[in-house]
file target_34.txt (compact mmCIF, C-alpha atoms)
# COMPACT_ATOMS: atom_id res chain seq x y z
CA MET B 17 -27.65 -10.37 -14.62
CA ARG B 18 -27.72 -9.16 -11.03
CA LYS B 19 -30.42 -11.70 -10.16
CA ARG B 20 -28.40 -14.48 -11.76
CA ALA B 21 -25.25 -13.44 -9.84
CA PHE B 22 -27.31 -13.34 -6.62
CA TRP B 23 -28.61 -16.89 -7.09
CA PHE B 24 -25.15 -18.23 -7.98
CA LEU B 25 -23.76 -16.69 -4.76
CA THR B 26 -26.66 -18.07 -2.74
CA LEU B 27 -26.13 -21.54 -4.19
CA ALA B 28 -22.39 -21.41 -3.38
CA VAL B 29 -23.10 -20.50 0.24
CA LEU B 30 -25.74 -23.24 0.59
CA VAL B 31 -23.31 -25.81 -0.83
CA ALA B 32 -20.71 -24.77 1.71
CA ILE B 33 -23.22 -24.97 4.58
CA PHE B 34 -24.47 -28.44 3.72
CA SER B 35 -21.17 -29.94 2.66
CA GLY B 36 -19.23 -28.45 5.54
CA CYS B 37 -15.49 -28.85 5.83
CA SER B 38 -15.32 -32.33 4.37
CA SER B 39 -15.91 -31.11 0.82
CA ARG B 40 -13.04 -31.50 -1.59
CA PRO B 41 -11.61 -28.12 -2.66
CA ASP B 42 -11.29 -27.37 -6.36
CA GLY B 43 -8.23 -29.04 -7.81
CA GLY B 44 -7.35 -30.38 -4.40
CA GLU B 45 -6.46 -33.73 -3.02
CA ALA B 46 -8.08 -35.31 0.01
CA SER B 47 -6.74 -37.88 2.41
CA SER B 48 -7.71 -39.07 5.84
CA SER B 49 -5.69 -40.35 8.74
CA GLY B 50 -6.56 -42.25 11.86
CA ASN B 51 -7.45 -45.95 11.72
CA GLY B 52 -8.56 -45.52 8.12
CA GLU B 53 -11.73 -43.67 9.11
CA THR B 54 -12.89 -40.53 7.33
CA GLY B 55 -15.72 -39.51 9.65
CA SER B 56 -16.84 -39.76 13.25
CA GLY B 57 -16.93 -43.30 14.48
CA LYS B 58 -16.10 -45.59 17.36
CA VAL B 59 -12.80 -46.97 18.56
CA GLY B 60 -12.34 -50.26 20.33
CA SER B 61 -13.12 -48.86 23.77
CA GLY B 62 -16.52 -47.68 22.60
CA LYS B 63 -15.50 -44.06 23.15
CA ALA B 64 -16.87 -41.59 20.58
CA LYS B 65 -14.19 -40.68 18.07
CA THR B 66 -13.41 -37.05 17.21
CA THR B 67 -12.70 -36.16 13.59
CA LEU B 68 -10.76 -32.97 12.87
CA SER B 69 -11.10 -31.32 9.48
CA MET B 70 -7.85 -29.83 8.18
CA MET B 71 -7.24 -27.90 4.94
CA VAL B 72 -3.80 -26.91 3.66
CA ASN B 73 -2.81 -24.72 0.71
CA ILE B 74 0.04 -26.74 -0.80
CA SER B 75 0.54 -28.95 -3.82
CA ASP B 76 4.20 -30.01 -3.64
CA GLU B 77 4.22 -33.81 -3.46
CA SER B 78 7.14 -34.12 -1.04
CA LEU B 79 5.57 -31.60 1.32
CA THR B 80 2.13 -33.23 1.25
CA LYS B 81 3.84 -36.52 2.08
CA ALA B 82 5.50 -34.91 5.11
CA TYR B 83 2.15 -33.55 6.34
CA ARG B 84 0.58 -36.99 6.00
CA GLU B 85 3.41 -38.63 7.93
CA ILE B 86 3.08 -36.13 10.77
CA VAL B 87 -0.70 -36.52 10.91
CA ASP B 88 -0.34 -40.32 10.87
CA GLY B 89 2.09 -40.09 13.79
CA PHE B 90 -0.39 -37.95 15.71
CA THR B 91 -3.34 -40.30 15.18
CA LYS B 92 -1.26 -43.29 16.27
CA GLU B 93 -0.51 -41.51 19.54
CA ASN B 94 -4.13 -40.33 19.79
CA PRO B 95 -6.35 -43.17 18.50
CA ASP B 96 -9.49 -41.37 19.69
CA ILE B 97 -8.86 -38.59 17.13
CA SER B 98 -8.93 -38.89 13.35
CA VAL B 99 -7.96 -36.17 10.88
CA ASN B 100 -9.62 -35.46 7.55
CA LEU B 101 -6.65 -33.86 5.78
CA GLN B 102 -7.24 -32.02 2.50
CA PHE B 103 -4.67 -30.43 0.18
CA ASP B 104 -5.40 -27.69 -2.29
CA SER B 105 -3.49 -25.07 -4.21
CA ASN B 106 -5.51 -23.94 -7.22
CA GLY B 107 -8.89 -23.25 -5.62
CA TYR B 108 -7.92 -22.70 -2.00
CA GLU B 109 -8.63 -18.98 -1.71
CA ASN B 110 -12.03 -19.17 -3.39
CA THR B 111 -12.99 -22.20 -1.31
CA MET B 112 -12.04 -20.38 1.88
CA LYS B 113 -13.95 -17.24 0.85
CA VAL B 114 -17.11 -19.31 0.48
CA LYS B 115 -16.50 -21.00 3.82
CA MET B 116 -15.90 -17.66 5.54
CA ALA B 117 -19.14 -16.31 4.07
CA ALA B 118 -20.96 -19.32 5.52
CA ASN B 119 -18.96 -19.14 8.78
CA ASP B 120 -18.23 -22.83 8.36
CA LEU B 121 -14.48 -23.36 8.26
CA PRO B 122 -12.20 -26.36 8.80
CA ASP B 123 -11.12 -26.98 12.38
CA ILE B 124 -7.53 -26.32 11.26
CA PHE B 125 -6.44 -24.43 8.17
CA ASP B 126 -3.52 -22.75 6.43
CA THR B 127 -3.62 -18.93 6.27
CA HIS B 128 -1.08 -18.67 3.38
CA GLY B 129 0.23 -15.25 4.36
CA TRP B 130 -2.99 -13.63 5.57
CA ALA B 131 -3.42 -14.76 9.18
CA LYS B 132 -4.24 -11.33 10.63
CA ILE B 133 -5.64 -9.37 7.70
CA ARG B 134 -7.91 -11.90 5.98
CA TYR B 135 -8.58 -14.67 8.48
CA GLY B 136 -8.02 -12.91 11.80
CA GLU B 137 -11.63 -12.72 12.96
CA TYR B 138 -12.12 -16.46 12.31
CA LEU B 139 -9.05 -17.67 14.22
CA ALA B 140 -8.77 -18.77 17.85
CA ASP B 141 -6.24 -17.03 20.07
CA LEU B 142 -3.24 -19.33 20.54
CA ARG B 143 -1.21 -17.11 22.88
CA ASP B 144 -1.28 -19.69 25.71
CA GLU B 145 0.08 -22.56 23.62
CA PRO B 146 3.45 -23.99 24.77
CA TRP B 147 5.21 -23.32 21.44
CA VAL B 148 4.44 -19.57 21.35
CA SER B 149 7.60 -18.56 23.24
CA GLN B 150 9.63 -20.27 20.52
CA LEU B 151 8.32 -18.21 17.59
CA THR B 152 11.30 -16.70 15.78
CA ASP B 153 12.10 -13.03 16.12
CA THR B 154 11.38 -12.48 12.43
CA ILE B 155 7.93 -14.08 12.47
CA ARG B 156 6.53 -13.32 15.95
CA ASP B 157 5.17 -9.86 15.16
CA VAL B 158 3.80 -11.03 11.81
CA VAL B 159 1.32 -13.38 13.53
CA THR B 160 0.77 -11.48 16.79
CA ASP B 161 -1.39 -8.36 17.15
CA LYS B 162 -0.98 -5.36 19.46
CA ASP B 163 -3.22 -7.00 22.07
CA GLY B 164 -1.08 -10.11 22.19
CA LYS B 165 -3.31 -12.47 20.22
CA VAL B 166 -1.34 -15.15 18.40
CA TYR B 167 -3.13 -16.21 15.24
CA VAL B 168 -1.28 -19.26 13.92
CA LEU B 169 1.53 -21.73 14.38
CA VAL B 170 4.12 -20.89 11.73
CA LEU B 171 5.58 -24.16 10.50
CA THR B 172 7.93 -22.51 8.02
CA GLU B 173 8.50 -18.85 7.33
CA ALA B 174 9.44 -17.15 4.12
CA LYS B 175 12.81 -15.53 3.59
CA ASP B 176 12.57 -14.69 -0.06
CA GLY B 177 15.42 -13.22 -2.01
CA MET B 178 16.71 -14.73 -5.22
CA LEU B 179 17.78 -18.27 -5.94
CA TYR B 180 20.86 -18.33 -8.14
CA ASN B 181 23.15 -20.71 -9.99
CA ALA B 182 26.11 -20.69 -7.59
CA ASP B 183 28.29 -22.64 -10.04
CA MET B 184 27.77 -19.97 -12.68
CA LEU B 185 28.68 -17.07 -10.40
CA GLU B 186 31.84 -18.93 -9.45
CA LYS B 187 32.63 -19.67 -13.10
CA TYR B 188 32.49 -15.98 -14.04
CA GLY B 189 34.19 -14.76 -10.86
CA ILE B 190 31.13 -12.86 -9.64
CA GLU B 191 30.57 -12.07 -5.97
CA VAL B 192 26.98 -12.18 -4.70
CA PRO B 193 25.60 -8.71 -5.59
CA GLN B 194 24.89 -6.37 -2.68
CA THR B 195 23.24 -3.58 -4.67
CA TYR B 196 20.89 -3.51 -7.65
CA ASP B 197 23.59 -1.87 -9.76
CA GLU B 198 25.92 -4.77 -8.93
CA LEU B 199 23.15 -7.20 -9.87
CA MET B 200 22.74 -5.55 -13.28
CA ALA B 201 26.52 -5.53 -13.82
CA ALA B 202 26.64 -9.25 -12.97
CA ALA B 203 23.77 -9.98 -15.34
CA GLU B 204 25.41 -8.14 -18.23
CA LYS B 205 28.72 -9.90 -17.61
CA ILE B 206 27.05 -13.32 -17.61
CA LYS B 207 25.22 -12.62 -20.84
CA LYS B 208 28.36 -11.31 -22.55
CA GLU B 209 30.81 -13.96 -21.36
CA SER B 210 28.38 -16.80 -22.06
CA GLY B 211 28.21 -15.60 -25.65
CA GLY B 212 24.51 -14.91 -25.22
CA GLN B 213 23.79 -18.52 -24.22
CA THR B 214 22.60 -17.41 -20.77
CA THR B 215 19.83 -14.89 -20.24
CA PRO B 216 20.21 -14.06 -16.53
CA PHE B 217 16.52 -13.54 -15.61
CA TYR B 218 13.38 -15.50 -16.45
CA LEU B 219 9.79 -14.22 -16.20
CA SER B 220 6.46 -15.39 -17.60
CA GLY B 221 3.62 -13.35 -19.01
CA ILE B 222 1.43 -16.45 -19.14
CA ASP B 223 1.96 -17.04 -15.42
CA ASP B 224 2.07 -13.31 -14.73
CA TYR B 225 2.44 -13.74 -10.97
CA MET B 226 6.16 -14.10 -11.75
CA ILE B 227 6.17 -10.53 -13.04
CA GLY B 228 4.16 -9.43 -10.02
CA GLN B 229 6.71 -11.17 -7.81
CA TYR B 230 9.55 -9.11 -9.28
CA LEU B 231 7.67 -5.85 -8.72
CA ASP B 232 6.49 -6.81 -5.24
CA GLN B 233 9.86 -7.99 -3.97
CA PHE B 234 11.87 -5.06 -5.32
CA ALA B 235 9.30 -2.52 -4.09
CA ASN B 236 10.68 -2.99 -0.57
CA PRO B 237 14.32 -2.10 -1.42
CA LEU B 238 13.14 0.89 -3.44
CA LEU B 239 10.54 2.29 -1.06
CA ILE B 240 10.66 0.67 2.39
CA THR B 241 13.97 -0.73 3.65
CA ALA B 242 16.17 2.40 3.57
CA LYS B 243 16.41 4.67 6.61
CA ASN B 244 14.55 7.45 4.80
CA ASN B 245 11.61 5.58 3.31
CA GLU B 246 8.04 5.88 2.09
CA ALA B 247 6.34 3.56 4.62
CA ASP B 248 4.43 6.28 6.49
CA ALA B 249 3.36 7.99 3.26
CA LEU B 250 2.04 4.71 1.84
CA LEU B 251 0.15 3.86 5.02
CA GLY B 252 -1.13 7.40 5.42
CA GLY B 253 -2.37 7.81 1.86
CA THR B 254 0.02 10.63 1.00
CA PHE B 255 2.46 8.65 -1.14
CA ASP B 256 3.58 10.30 -4.38
CA TRP B 257 3.08 7.46 -6.88
CA THR B 258 5.66 8.87 -9.28
CA HIS B 259 8.20 7.49 -6.79
CA ILE B 260 7.35 3.97 -7.93
CA THR B 261 8.20 4.78 -11.56
CA PRO B 262 11.86 3.65 -11.16
CA LEU B 263 10.59 0.18 -10.19
CA ALA B 264 8.59 -0.07 -13.40
CA GLN B 265 11.55 1.26 -15.36
CA SER B 266 13.87 -1.36 -13.84
CA LEU B 267 11.58 -4.12 -15.11
CA LEU B 268 11.42 -2.59 -18.57
CA THR B 269 15.20 -2.18 -18.62
CA LEU B 270 15.64 -5.94 -18.17
CA LYS B 271 13.77 -6.44 -21.43
CA GLU B 272 15.45 -3.57 -23.25
CA LYS B 273 18.92 -4.88 -22.37
CA GLY B 274 18.04 -8.48 -23.22
CA LEU B 275 18.58 -9.63 -19.64
CA VAL B 276 15.25 -11.46 -19.42
CA ASN B 277 14.08 -14.32 -21.64
CA GLU B 278 13.08 -13.05 -25.08
CA ASP B 279 9.79 -14.98 -24.99
CA VAL B 280 8.79 -13.40 -21.68
CA LEU B 281 5.20 -12.75 -22.78
CA THR B 282 4.54 -16.33 -23.89
CA ALA B 283 6.87 -18.28 -21.60
CA LYS B 284 5.49 -20.50 -18.85
CA ASN B 285 6.62 -20.91 -15.27
CA SER B 286 6.78 -24.67 -15.86
CA ASP B 287 9.61 -24.15 -18.36
CA LEU B 288 11.87 -22.38 -15.85
CA PRO B 289 13.41 -25.46 -14.16
CA ALA B 290 14.66 -26.84 -17.48
CA SER B 291 16.06 -23.45 -18.48
CA PHE B 292 17.79 -23.08 -15.12
CA ALA B 293 19.15 -26.63 -15.15
CA ALA B 294 20.57 -26.08 -18.65
CA GLY B 295 22.44 -22.96 -17.52
CA LYS B 296 20.26 -20.68 -19.64
CA THR B 297 18.99 -18.78 -16.58
CA THR B 298 20.99 -17.54 -13.58
CA PHE B 299 18.58 -15.83 -11.17
CA ALA B 300 15.08 -16.99 -10.17
CA LEU B 301 12.50 -15.13 -8.09
CA VAL B 302 10.75 -18.29 -6.92
CA GLY B 303 10.37 -20.33 -3.75
CA PRO B 304 12.93 -22.95 -2.63
CA ALA B 305 10.71 -25.88 -3.69
CA PHE B 306 11.82 -24.95 -7.23
CA MET B 307 15.20 -26.52 -6.45
CA ASP B 308 13.79 -30.04 -6.48
CA SER B 309 12.55 -29.57 -10.04
CA VAL B 310 16.00 -28.37 -11.13
CA HIS B 311 17.83 -31.18 -9.35
CA ALA B 312 15.56 -33.76 -10.97
CA ILE B 313 17.17 -32.64 -14.25
CA GLU B 314 20.66 -31.66 -13.07
CA PRO B 315 21.34 -33.29 -9.65
CA ASN B 316 24.79 -31.79 -9.16
CA MET B 317 23.96 -28.15 -9.80
CA LYS B 318 24.74 -25.96 -6.79
CA ILE B 319 21.94 -23.49 -6.07
CA GLY B 320 22.21 -20.70 -3.52
CA ILE B 321 19.91 -18.06 -2.10
CA MET B 322 20.83 -14.39 -1.76
CA PRO B 323 19.03 -11.47 -0.11
CA LEU B 324 17.45 -8.85 -2.33
CA PRO B 325 20.09 -6.25 -3.26
CA SER B 326 19.56 -2.71 -2.02
CA MET B 327 18.28 -0.05 -4.43
CA VAL B 328 18.92 3.09 -2.35
CA ALA B 329 22.40 4.41 -1.56
CA GLY B 330 23.49 3.54 1.97
CA ASP B 331 20.95 0.74 2.39
CA GLU B 332 21.74 -2.97 2.92
CA PRO B 333 20.34 -6.15 1.33
CA THR B 334 17.15 -7.57 2.84
CA PHE B 335 14.77 -10.50 2.57
CA ALA B 336 11.05 -10.33 1.87
CA GLY B 337 9.23 -12.58 4.25
CA GLY B 338 6.33 -13.55 6.42
CA GLU B 339 4.17 -16.64 6.68
CA ARG B 340 4.88 -19.58 4.42
CA ASN B 341 3.24 -22.73 5.85
CA THR B 342 0.94 -22.14 8.81
CA LEU B 343 -1.79 -23.81 10.84
CA GLY B 344 -4.55 -21.86 12.58
CA VAL B 345 -7.57 -23.06 14.53
CA TRP B 346 -11.12 -21.97 13.71
CA LYS B 347 -12.44 -20.10 16.75
CA ASP B 348 -15.88 -21.74 16.47
CA SER B 349 -14.54 -25.27 16.12
CA LYS B 350 -16.36 -27.85 18.25
CA HIS B 351 -13.01 -29.51 18.86
CA LEU B 352 -10.75 -26.68 20.00
CA ASP B 353 -8.76 -28.76 22.48
CA GLU B 354 -8.12 -31.55 20.00
CA ALA B 355 -7.16 -29.05 17.28
CA LYS B 356 -4.67 -27.32 19.59
CA LYS B 357 -3.28 -30.73 20.51
CA LEU B 358 -2.58 -31.44 16.83
CA LEU B 359 -0.79 -28.10 16.49
CA GLN B 360 1.33 -28.99 19.51
CA TYR B 361 2.29 -32.21 17.76
CA PHE B 362 3.28 -30.34 14.59
CA ALA B 363 5.39 -28.00 16.76
CA LYS B 364 7.61 -30.83 17.99
CA PRO B 365 11.23 -30.20 16.92
CA ASP B 366 11.48 -33.33 14.77
CA ASN B 367 8.30 -32.46 12.88
CA MET B 368 9.31 -28.83 12.42
CA ALA B 369 12.70 -29.95 11.10
CA LYS B 370 11.06 -32.40 8.69
CA LEU B 371 8.88 -29.67 7.16
CA SER B 372 11.80 -27.28 6.91
CA ASN B 373 14.08 -29.86 5.32
CA VAL B 374 11.46 -30.84 2.75
CA SER B 375 10.39 -27.28 1.85
CA LYS B 376 13.87 -25.72 2.30
CA ASN B 377 12.26 -22.81 4.14
CA PRO B 378 13.39 -21.67 7.60
CA PRO B 379 11.34 -23.08 10.50
CA GLY B 380 8.99 -20.71 12.30
CA LEU B 381 10.22 -21.78 15.73
CA LYS B 382 13.64 -21.24 17.31
CA ASP B 383 16.27 -23.91 17.97
CA ILE B 384 15.14 -26.26 15.21
CA LYS B 385 18.08 -28.10 13.68
CA THR B 386 17.73 -28.36 9.91
CA ASN B 387 19.86 -30.04 7.26
CA HIS B 388 19.07 -29.10 3.67
CA GLU B 389 20.82 -27.33 0.79
CA LEU B 390 19.90 -23.83 1.92
CA THR B 391 20.66 -24.28 5.63
CA PRO B 392 24.21 -22.83 5.25
CA TYR B 393 22.79 -19.79 3.46
CA TYR B 394 20.13 -19.11 6.10
CA GLU B 395 22.84 -19.41 8.75
CA LYS B 396 25.11 -17.06 6.80
CA TYR B 397 22.33 -14.50 6.42
CA ALA B 398 20.82 -14.96 9.89
CA ASP B 399 21.27 -11.27 10.72
CA ILE B 400 19.84 -9.92 7.46
CA ARG B 401 16.67 -7.88 8.02
CA VAL B 402 13.37 -9.39 6.91
CA PHE B 403 10.52 -7.14 5.74
CA PRO B 404 6.92 -8.28 5.08
CA TYR B 405 5.86 -8.59 1.46
CA PHE B 406 5.12 -5.12 0.11
CA ASP B 407 1.59 -5.86 -1.10
CA ARG B 408 0.50 -7.43 2.21
CA VAL B 409 1.22 -4.21 4.10
CA TYR B 410 1.02 -1.27 1.72
CA LEU B 411 -1.54 -2.22 -0.94
CA PRO B 412 -5.30 -2.81 -0.58
CA ASN B 413 -6.90 -6.15 -1.35
CA GLY B 414 -7.13 -6.65 -5.11
CA MET B 415 -3.90 -4.85 -5.99
CA TRP B 416 -1.91 -8.03 -6.54
CA ASP B 417 -3.75 -8.67 -9.81
CA VAL B 418 -3.18 -5.06 -10.84
CA LEU B 419 0.54 -5.39 -10.13
CA CYS B 420 0.80 -8.55 -12.25
CA LYS B 421 -1.26 -7.24 -15.17
CA ASN B 422 0.37 -3.80 -15.26
CA GLY B 423 3.81 -5.37 -15.25
CA THR B 424 2.83 -7.55 -18.20
CA GLU B 425 1.40 -4.54 -20.06
CA LEU B 426 4.68 -2.73 -19.45
CA LEU B 427 6.74 -5.56 -20.96
CA ALA B 428 4.31 -5.81 -23.88
CA GLY B 429 4.91 -2.14 -24.73
CA ARG B 430 1.31 -1.19 -24.07
CA MET B 431 2.15 0.89 -21.00
CA THR B 432 5.00 3.25 -20.10
CA PRO B 433 6.63 3.37 -16.64
CA GLU B 434 4.85 6.68 -16.04
CA GLN B 435 1.49 5.18 -17.02
CA PHE B 436 2.25 2.23 -14.74
CA SER B 437 2.62 4.61 -11.79
CA GLU B 438 -0.55 6.52 -12.65
CA SER B 439 -2.50 3.28 -12.92
CA MET B 440 -1.19 2.14 -9.54
CA LYS B 441 -2.36 5.42 -7.98
CA THR B 442 -5.82 5.17 -9.57
CA GLU B 443 -6.34 1.52 -8.62
CA VAL B 444 -5.14 1.97 -5.03
CA GLU B 445 -7.59 4.84 -4.56
CA ARG B 446 -10.41 2.81 -6.09
CA LEU B 447 -9.78 -0.35 -4.09
CA SER B 448 -9.20 1.54 -0.86
CA LYS B 449 -12.80 2.77 -0.99
CA LYS B 450 -14.26 -0.76 -1.04

call {"tool": "encode", "arguments": {"input": "target_34.txt", "output": "structure tokens"}}
result
Amino acid sequence: MRKRAFWFLTLAVLVAIFSGCSSRPDGGEASSSGNGETGSGKVGSGKAKTTLSMMVNISDESLTKAYREIVDGFTKENPDISVNLQFDSNGYENTMKVKMAANDLPDIFDTHGWAKIRYGEYLADLRDEPWVSQLTDTIRDVVTDKDGKVYVLVLTEAKDGMLYNADMLEKYGIEVPQTYDELMAAAEKIKKESGGQTTPFYLSGIDDYMIGQYLDQFANPLLITAKNNEADALLGGTFDWTHITPLAQSLLTLKEKGLVNEDVLTAKNSDLPASFAAGKTTFALVGPAFMDSVHAIEPNMKIGIMPLPSMVAGDEPTFAGGERNTLGVWKDSKHLDEAKKLLQYFAKPDNMAKLSNVSKNPPGLKDIKTNHELTPYYEKYADIRVFPYFDRVYLPNGMWDVLCKNGTELLAGRMTPEQFSESMKTEVERLSKK
């Protein structure tokens, strides 16, 4: 078995070496821009044409269209450069792992939240680029290290809280919850006054990342955002894992009180937009692109975004955040200057605004004027603190899957909150040794 695994790995690396960055990622979609050419060629002047390879981890159709339009605009202004643009979402991480192992990456690629930790050694330093001074205060430190290296251009940043049915909160006279207790009180009121027609929360055991998302996002309010917090203990390896038991209990309580969909273990993420549009769900722990799916069904529904309520007395609501859509440059690219030029084009205010308006995420650069449904909310909550996703800072690589699976086991009744905490401790210790 070991020999077979070795040969499969060897074959994967060889495929990556020979196919290079023009290979289509699993489940992805490829397109090329620049005079219709997909490879190096000649332009009318006889000058050799440069082709940049570019790989992006997105699947949303409206967002891929925006990327194409920006790339097309760039190649029209720079006819000596073409761009082989590839989109992927399902197989992106595995594709990039193979390419990193072969040290053969695209000239430009999306770091999907892991610019410093996972891709840092493969990325060129962008500190001298003209857009760097415009990085927002909430994203600058996320993509800059202690030595001043800037890893990526952040096109949009994440400010994740909870999307909610604003019409429903108004209908039941509910103010946006500031604390977790207020959130639970709001949920129980909605369920009662709707006659049980609305189940406030929706999670999926089939797409268990939704369960992981709940645990990951509320870990910050429980353990990190309060003045007296567990950050140092988590980073220093002295954290008492029984302190995460209330997080597991909060998830289980949703099920016990009937505040999450009854079919949580068999439900699918793809069913959430219809449930939300029908008024059967109030709160959603998903990204803003979800709104388009809801509005395709119910165009007039008003959807808002709220920060995550605090879970510790005396604390304030916060957002979970970090990178959303990014572009970095491979440090060993043969076309560094051309790649940086493309990033400069993406950083133009009009292009940044286009990506923000389509994705409904805040732009990663300052002074970008946006106009989409969530713009008033981001302006309202401009001073709310933003903390990096819990797992990206405080958990070793591999713990995301543990978080998702343990949460599902908890809801299935195969694990208690105390066993959840013990498993987290065991798995963190195991994965930290790798």

call {"tool": "residues_around", "arguments": {"input": "target_34.txt", "residues": "B:Leu275", "least_positions_apart": "4", "cutoff": "9 Å", "atoms": "only C-alpha atoms", "output": "PyMOL selection string"}}
result
chain B and resi 200+203-204+207+214-218+269-271

call {"tool": "write_last_selection", "arguments": {"input": "target_34.txt", "atoms": "C-alpha atoms", "output": "short mmCIF file (atom, residue, chain, number, x, y, z; two decimals), keeping the file's coordinate frame"}}
result
data_model
loop_
_atom_site.label_atom_id
_atom_site.label_comp_id
_atom_site.auth_asym_id
_atom_site.auth_seq_id
_atom_site.Cartn_x
_atom_site.Cartn_y
_atom_site.Cartn_z
CA MET B 200 22.74 -5.55 -13.28
CA ALA B 203 23.77 -9.98 -15.34
CA GLU B 204 25.41 -8.14 -18.23
CA LYS B 207 25.22 -12.62 -20.84
CA THR B 214 22.60 -17.41 -20.77
CA THR B 215 19.83 -14.89 -20.24
CA PRO B 216 20.21 -14.06 -16.53
CA PHE B 217 16.52 -13.54 -15.61
CA TYR B 218 13.38 -15.50 -16.45
CA THR B 269 15.20 -2.18 -18.62
CA LEU B 270 15.64 -5.94 -18.17
CA LYS B 271 13.77 -6.44 -21.43
#

call {"tool": "closest_residue", "arguments": {"input": "target_34.txt", "among": "B:Phe299, B:Phe234, B:Phe403, B:Tyr394", "to": "B:Tyr196", "atoms": "all atoms listed in the file"}}
result
B:Phe234

call {"tool": "residues_around", "arguments": {"input": "target_34.txt", "residues": "B:Gly129", "least_positions_apart": "3", "cutoff": "9 Å", "atoms": "only C-alpha atoms", "output": "PyMOL selection string"}}
result
chain B and resi 126+132-134+338-342+408

call {"tool": "residues_around", "arguments": {"input": "target_34.txt", "residues": "B:Gly295", "least_positions_apart": "4", "cutoff": "10 Å", "atoms": "only C-alpha atoms", "output": "JSON, numbers by chain"}}
result
{"B": [181, 183, 184, 210, 213, 214, 215, 216, 289, 290, 291, 314, 317]}

call {"tool": "residues_around", "arguments": {"input": "target_34.txt", "residues": "stretch 424-428 of chain B", "least_positions_apart": "6", "cutoff": "7 Å", "atoms": "only C-alpha atoms", "output": "count of residues only"}}
result
4

call {"tool": "atom_distance", "arguments": {"input": "target_34.txt", "atom1": "atom CA of B:Ser437", "atom2": "atom CA of B:Trp257"}}
result
5.7 Å

call {"tool": "closest_residue", "arguments": {"input": "target_34.txt", "among": "B:Thr298, B:Thr282, B:Asn377, B:Thr154", "to": "B:Lys187", "atoms": "only C-alpha atoms"}}
result
B:Thr298

call {"tool": "residues_around", "arguments": {"input": "target_34.txt", "residues": "B:Leu324", "least_positions_apart": "6", "cutoff": "6 Å", "atoms": "only C-alpha atoms", "output": "list in words"}}
result
Gly177, Pro333, Thr334 and Phe335 of chain B

call {"tool": "closest_residue", "arguments": {"input": "target_34.txt", "among": "B:Gly423, B:Gly337, B:Pro323, B:Pro304", "to": "B:Ser372", "atoms": "all atoms listed in the file"}}
result
B:Pro304

call {"tool": "atom_distance", "arguments": {"input": "target_34.txt", "atom1": "atom CA of B:Ile313", "atom2": "atom CA of B:Ala336"}}
result
28.2 Å

call {"tool": "atom_distance", "arguments": {"input": "target_34.txt", "atom1": "atom CA of B:Glu445", "atom2": "atom CA of B:Gly252"}}
result
12.2 Å

call {"tool": "closest_residue", "arguments": {"input": "target_34.txt", "among": "B:Lys356, B:Thr66, B:Leu419, B:Asp76", "to": "B:Ser309", "atoms": "only C-alpha atoms"}}
result
B:Asp76

call {"tool": "closest_residue", "arguments": {"input": "target_34.txt", "among": "B:Glu278, B:Asp153, B:Asp197, B:Glu93", "to": "B:Pro379", "atoms": "all atoms listed in the file"}}
result
B:Asp153
